[in-house]
>>> print(open('entry.pdb').read())   # PDB, C-alpha atoms
MODEL        1
ATOM      1  CA  MET G 138      48.316 169.446  44.947
ATOM      2  CA  CYS G 139      46.914 167.189  42.288
ATOM      3  CA  GLN G 140      43.508 167.868  43.865
ATOM      4  CA  GLN G 141      41.719 165.664  41.400
ATOM      5  CA  PHE G 142      43.767 162.740  42.718
ATOM      6  CA  ALA G 143      44.554 163.855  46.270
ATOM      7  CA  HIS G 144      45.224 160.272  47.373
ATOM      8  CA  HIS G 145      48.352 160.356  45.210
ATOM      9  CA  LYS G 146      49.710 163.686  46.394
ATOM     10  CA  ASP G 147      52.959 161.994  47.457
ATOM     11  CA  ALA G 148      53.531 160.725  43.921
ATOM     12  CA  CYS G 149      52.880 164.178  42.516
ATOM     13  CA  ALA G 150      55.144 165.873  45.047
ATOM     14  CA  ALA G 151      57.901 163.304  44.478
ATOM     15  CA  ILE G 152      58.327 164.419  40.882
ATOM     16  CA  GLY G 153      57.623 168.097  41.493
ATOM     17  CA  ARG G 154      54.064 168.256  40.136
ATOM     18  CA  ASN G 155      52.052 170.505  42.408
ATOM     19  CA  ASP G 156      49.998 172.239  39.733
ATOM     20  CA  LEU G 157      46.225 171.881  39.615
ATOM     21  CA  PRO G 158      44.324 169.963  38.313
ATOM     22  CA  LEU G 159      45.562 166.953  36.379
ATOM     23  CA  ASN G 160      43.519 165.220  33.713
ATOM     24  CA  GLN G 161      43.608 161.412  33.482
ATOM     25  CA  ASN G 162      46.484 161.312  30.949
ATOM     26  CA  GLU G 163      48.580 163.738  32.979
ATOM     27  CA  PHE G 164      47.858 161.767  36.120
ATOM     28  CA  LEU G 165      48.924 158.481  34.513
ATOM     29  CA  ARG G 166      52.084 160.133  33.177
ATOM     30  CA  THR G 167      52.819 161.473  36.679
ATOM     31  CA  VAL G 168      52.260 158.069  38.265
ATOM     32  CA  GLN G 169      54.467 156.414  35.626
ATOM     33  CA  GLN G 170      57.244 158.908  36.315
ATOM     34  CA  TYR G 171      56.941 158.215  40.026
ATOM     35  CA  VAL G 172      57.018 154.435  39.492
ATOM     36  CA  ALA G 173      60.068 154.733  37.207
ATOM     37  CA  ASN G 174      61.873 156.743  39.882
ATOM     38  CA  ILE G 175      61.154 154.371  42.768
ATOM     39  CA  ALA G 176      61.399 151.096  40.832
ATOM     40  CA  ILE G 177      65.006 151.628  39.765
ATOM     41  CA  PRO G 178      67.128 152.487  42.811
ATOM     42  CA  ALA G 179      70.869 152.844  42.320
ATOM     43  CA  SER G 180      71.374 149.427  43.900
ATOM     44  CA  ALA G 181      69.305 147.725  41.174
ATOM     45  CA  LEU G 182      71.927 148.442  38.527
ATOM     46  CA  ARG G 183      75.015 148.635  40.715
ATOM     47  CA  ASN G 184      78.130 147.292  39.024
ATOM     48  CA  LEU G 185      76.232 146.756  35.767
ATOM     49  CA  GLY G 186      77.654 149.635  33.813
ATOM     50  CA  ALA G 187      79.157 153.075  33.727
ATOM     51  CA  LYS G 188      78.064 156.153  35.630
ATOM     52  CA  GLY G 189      74.699 157.419  34.447
ATOM     53  CA  VAL G 190      73.101 154.021  33.778
ATOM     54  CA  VAL G 191      70.419 154.471  36.453
ATOM     55  CA  ASP G 192      69.510 157.973  35.242
ATOM     56  CA  ALA G 193      69.366 156.807  31.615
ATOM     57  CA  ALA G 194      67.129 153.854  32.536
ATOM     58  CA  ARG G 195      64.793 155.982  34.647
ATOM     59  CA  SER G 196      64.556 158.598  31.919
ATOM     60  CA  TYR G 197      63.641 155.988  29.325
ATOM     61  CA  LEU G 198      61.075 154.289  31.573
ATOM     62  CA  ARG G 199      59.395 157.584  32.449
ATOM     63  CA  GLU G 200      58.567 158.064  28.765
ATOM     64  CA  LEU G 201      57.818 154.441  27.831
ATOM     65  CA  ASP G 202      54.501 154.169  25.966
ATOM     66  CA  LEU G 203      52.550 151.729  28.112
ATOM     67  CA  GLY G 204      49.465 152.327  25.979
ATOM     68  CA  LYS G 205      50.813 149.835  23.436
ATOM     69  CA  LEU G 206      50.374 147.090  26.025
ATOM     70  CA  LYS G 207      46.645 147.583  26.474
ATOM     71  CA  GLY G 208      45.490 145.089  23.852
ATOM     72  CA  ILE G 209      48.708 143.220  23.153
ATOM     73  CA  SER G 210      48.710 139.419  22.930
ATOM     74  CA  LEU G 211      51.230 137.401  24.912
ATOM     75  CA  PRO G 212      53.288 136.403  21.833
ATOM     76  CA  ARG G 213      53.383 140.042  20.723
ATOM     77  CA  TYR G 214      54.346 141.087  24.265
ATOM     78  CA  ALA G 215      57.599 139.132  23.941
ATOM     79  CA  ASP G 216      58.363 141.011  20.708
ATOM     80  CA  TRP G 217      57.460 144.335  22.360
ATOM     81  CA  LEU G 218      59.700 143.566  25.339
ATOM     82  CA  ASN G 219      62.617 142.685  23.054
ATOM     83  CA  ALA G 220      62.129 145.902  21.063
ATOM     84  CA  GLN G 221      62.048 147.988  24.253
ATOM     85  CA  THR G 222      65.173 146.231  25.512
ATOM     86  CA  ASP G 223      66.980 147.089  22.272
ATOM     87  CA  GLU G 224      65.798 150.696  22.506
ATOM     88  CA  LEU G 225      66.936 151.053  26.110
ATOM     89  CA  MET G 226      70.277 149.412  25.300
ATOM     90  CA  GLY G 227      70.906 152.210  22.823
ATOM     91  CA  ARG G 228      70.443 154.803  25.547
ATOM     92  CA  LEU G 229      72.620 153.270  28.234
ATOM     93  CA  PRO G 230      76.056 154.857  28.626
ATOM     94  CA  ILE G 231      77.900 151.533  28.628
ATOM     95  CA  PRO G 232      80.826 151.391  26.192
ATOM     96  CA  ASP G 233      80.741 147.614  25.621
ATOM     97  CA  SER G 234      77.574 146.824  23.668
ATOM     98  CA  LYS G 235      77.771 143.180  24.782
ATOM     99  CA  LYS G 236      77.189 144.289  28.389
ATOM    100  CA  LYS G 237      74.056 146.378  27.751
ATOM    101  CA  TRP G 238      71.387 143.686  27.429
ATOM    102  CA  GLY G 239      71.427 142.580  31.093
ATOM    103  CA  PRO G 240      70.988 146.030  32.667
ATOM    104  CA  ALA G 241      68.415 147.049  30.053
ATOM    105  CA  ARG G 242      66.241 143.956  30.519
ATOM    106  CA  LYS G 243      66.619 144.066  34.299
ATOM    107  CA  ALA G 244      65.461 147.702  34.421
ATOM    108  CA  LEU G 245      62.482 146.942  32.168
ATOM    109  CA  ASN G 246      61.471 143.874  34.183
ATOM    110  CA  ILE G 247      61.671 145.691  37.504
ATOM    111  CA  PHE G 248      59.746 148.679  36.156
ATOM    112  CA  LEU G 249      57.026 146.539  34.552
ATOM    113  CA  CYS G 250      56.620 144.568  37.768
ATOM    114  CA  HIS G 251      56.131 147.806  39.718
ATOM    115  CA  ALA G 252      53.772 149.131  37.043
ATOM    116  CA  CYS G 253      51.686 145.943  37.329
ATOM    117  CA  LEU G 254      51.512 146.422  41.083
ATOM    118  CA  ASN G 255      50.330 150.019  40.744
ATOM    119  CA  ARG G 256      46.548 149.937  40.559
ATOM    120  CA  HIS G 257      46.282 153.000  38.339
ATOM    121  CA  LEU G 258      48.797 151.868  35.720
ATOM    122  CA  CYS G 259      47.622 148.263  35.874
ATOM    123  CA  LYS G 260      44.010 149.207  35.240
ATOM    124  CA  ALA G 261      44.675 151.876  32.609
ATOM    125  CA  TYR G 262      46.933 149.650  30.509
ATOM    126  CA  ALA G 263      45.468 146.196  31.358
ATOM    127  CA  LEU G 264      48.816 145.031  32.695
ATOM    128  CA  ASP G 265      47.279 142.277  34.784
ATOM    129  CA  ARG G 266      46.999 140.127  31.630
ATOM    130  CA  LEU G 267      50.755 139.996  31.108
TER     131      LEU G 267
ENDMDL
END
>>> encode(input="entry.pdb", output="structure tokens")
Amino acid sequence: MCQQFAHHKDACAAIGRNDLPLNQNEFLRTVQQYVANIAIPASALRNLGAKGVVDAARSYLRELDLGKLKGISLPRYADWLNAQTDELMGRLPIPDSKKKWGPARKALNIFLCHACLNRHLCKAYALDRL
């Protein structure tokens, strides 16, 4: 089970990754998938949209390119966050486009907070600066 990173075997098992071994990029991708899954519980987006909003948000966050944050300046971070919010809005199954911004930004903020608190993601992508 993720022998190279045995201390995170629960994260690997939680997303069904029991193959051996993981390289650093695979490990970070696995940890990001785990964080996306636990950061956005159904209650986080309850009553904020149609059925499937939580799954759509988790799916988007699992694949979010955190590498772009590594050397980003604070003013550019605001632009990046707005662009990611727009991208996620386009993936949410909410019919009224005026009601997509809140759930999209909330999901991103919760996920990024959890990513900052995860020592592996925080260190790899220098999230502590944001």
>>> closest_residue(input="entry.pdb", among="G:Ala252, G:Ala241, G:Ile231, G:Leu201", to="Ala187 (chain G)", atoms="only C-alpha atoms")
G:Ile231
>>> closest_residue(input="entry.pdb", among="G:Val172, G:Ser196, G:Ser234, G:Gly239", to="Leu254 (chain G)", atoms="only C-alpha atoms")
G:Val172
>>> residues_around(input="entry.pdb", residues="Pro240 (chain G)", least_positions_apart="5", cutoff="10 Å", atoms="only C-alpha atoms", output="MDAnalysis selection string")
chainID G and resid 181:186 190:191 194 222 225:226 229 231 245:246
>>> atom_distance(input="entry.pdb", atom1="CA of Ser180 (chain G)", atom2="CA of Gln221 (chain G)")
21.8 Å
>>> axis_aligned_box(input="entry.pdb", around="region 207-220 of chain G", padding_each_side="6 Å", output="lines of an AutoDock Vina configuration file")
center_x = 54.1
center_y = 142.0
center_z = 23.6
size_x = 29.1
size_y = 23.2
size_z = 17.8
>>> closest_atom_pairs(input="entry.pdb", of="region 155-230 of chain G", to="region 257-263 of chain G", cutoff="8 Å", atoms="only C-alpha atoms", output="JSON lines")
{"residue": "G:Leu165", "atom": "CA", "partner": "G:Leu258", "partner_atom": "CA", "distance": 6.7}
{"residue": "G:Val168", "atom": "CA", "partner": "G:Leu258", "partner_atom": "CA", "distance": 7.5}
{"residue": "G:Gln169", "atom": "CA", "partner": "G:Leu258", "partner_atom": "CA", "distance": 7.3}
{"residue": "G:Leu203", "atom": "CA", "partner": "G:Tyr262", "partner_atom": "CA", "distance": 6.5}
{"residue": "G:Gly204", "atom": "CA", "partner": "G:Tyr262", "partner_atom": "CA", "distance": 5.8}
{"residue": "G:Leu206", "atom": "CA", "partner": "G:Tyr262", "partner_atom": "CA", "distance": 6.2}
{"residue": "G:Lys207", "atom": "CA", "partner": "G:Tyr262", "partner_atom": "CA", "distance": 4.5}
{"residue": "G:Gly208", "atom": "CA", "partner": "G:Ala263", "partner_atom": "CA", "distance": 7.6}
>>> residues_around(input="entry.pdb", residues="Asp192 (chain G)", least_positions_apart="4", cutoff="10 Å", atoms="all atoms listed in the file", output="PyMOL selection string")
chain G and resi 174+177-179+188+196-198+229-230
>>> closest_residue(input="entry.pdb", among="G:His251, G:Arg228, G:Lys235, G:Lys243", to="Tyr171 (chain G)", atoms="only C-alpha atoms")
G:His251
>>> atom_distance(input="entry.pdb", atom1="CA of Asn162 (chain G)", atom2="CA of Leu249 (chain G)")
18.5 Å
>>> atom_distance(input="entry.pdb", atom1="CA of Arg166 (chain G)", atom2="CA of Ala193 (chain G)")
17.7 Å
>>> closest_residue(input="entry.pdb", among="G:Leu267, G:Ile175, G:Ile247, G:Cys253", to="Trp217 (chain G)", atoms="only C-alpha atoms")
G:Leu267
>>> closest_residue(input="entry.pdb", among="G:Gln161, G:Leu211, G:Lys237, G:Ala220", to="Asp265 (chain G)", atoms="all atoms listed in the file")
G:Leu211
>>> closest_residue(input="entry.pdb", among="G:Gln170, G:Cys250, G:Arg242, G:Glu200", to="Asp223 (chain G)", atoms="all atoms listed in the file")
G:Arg242
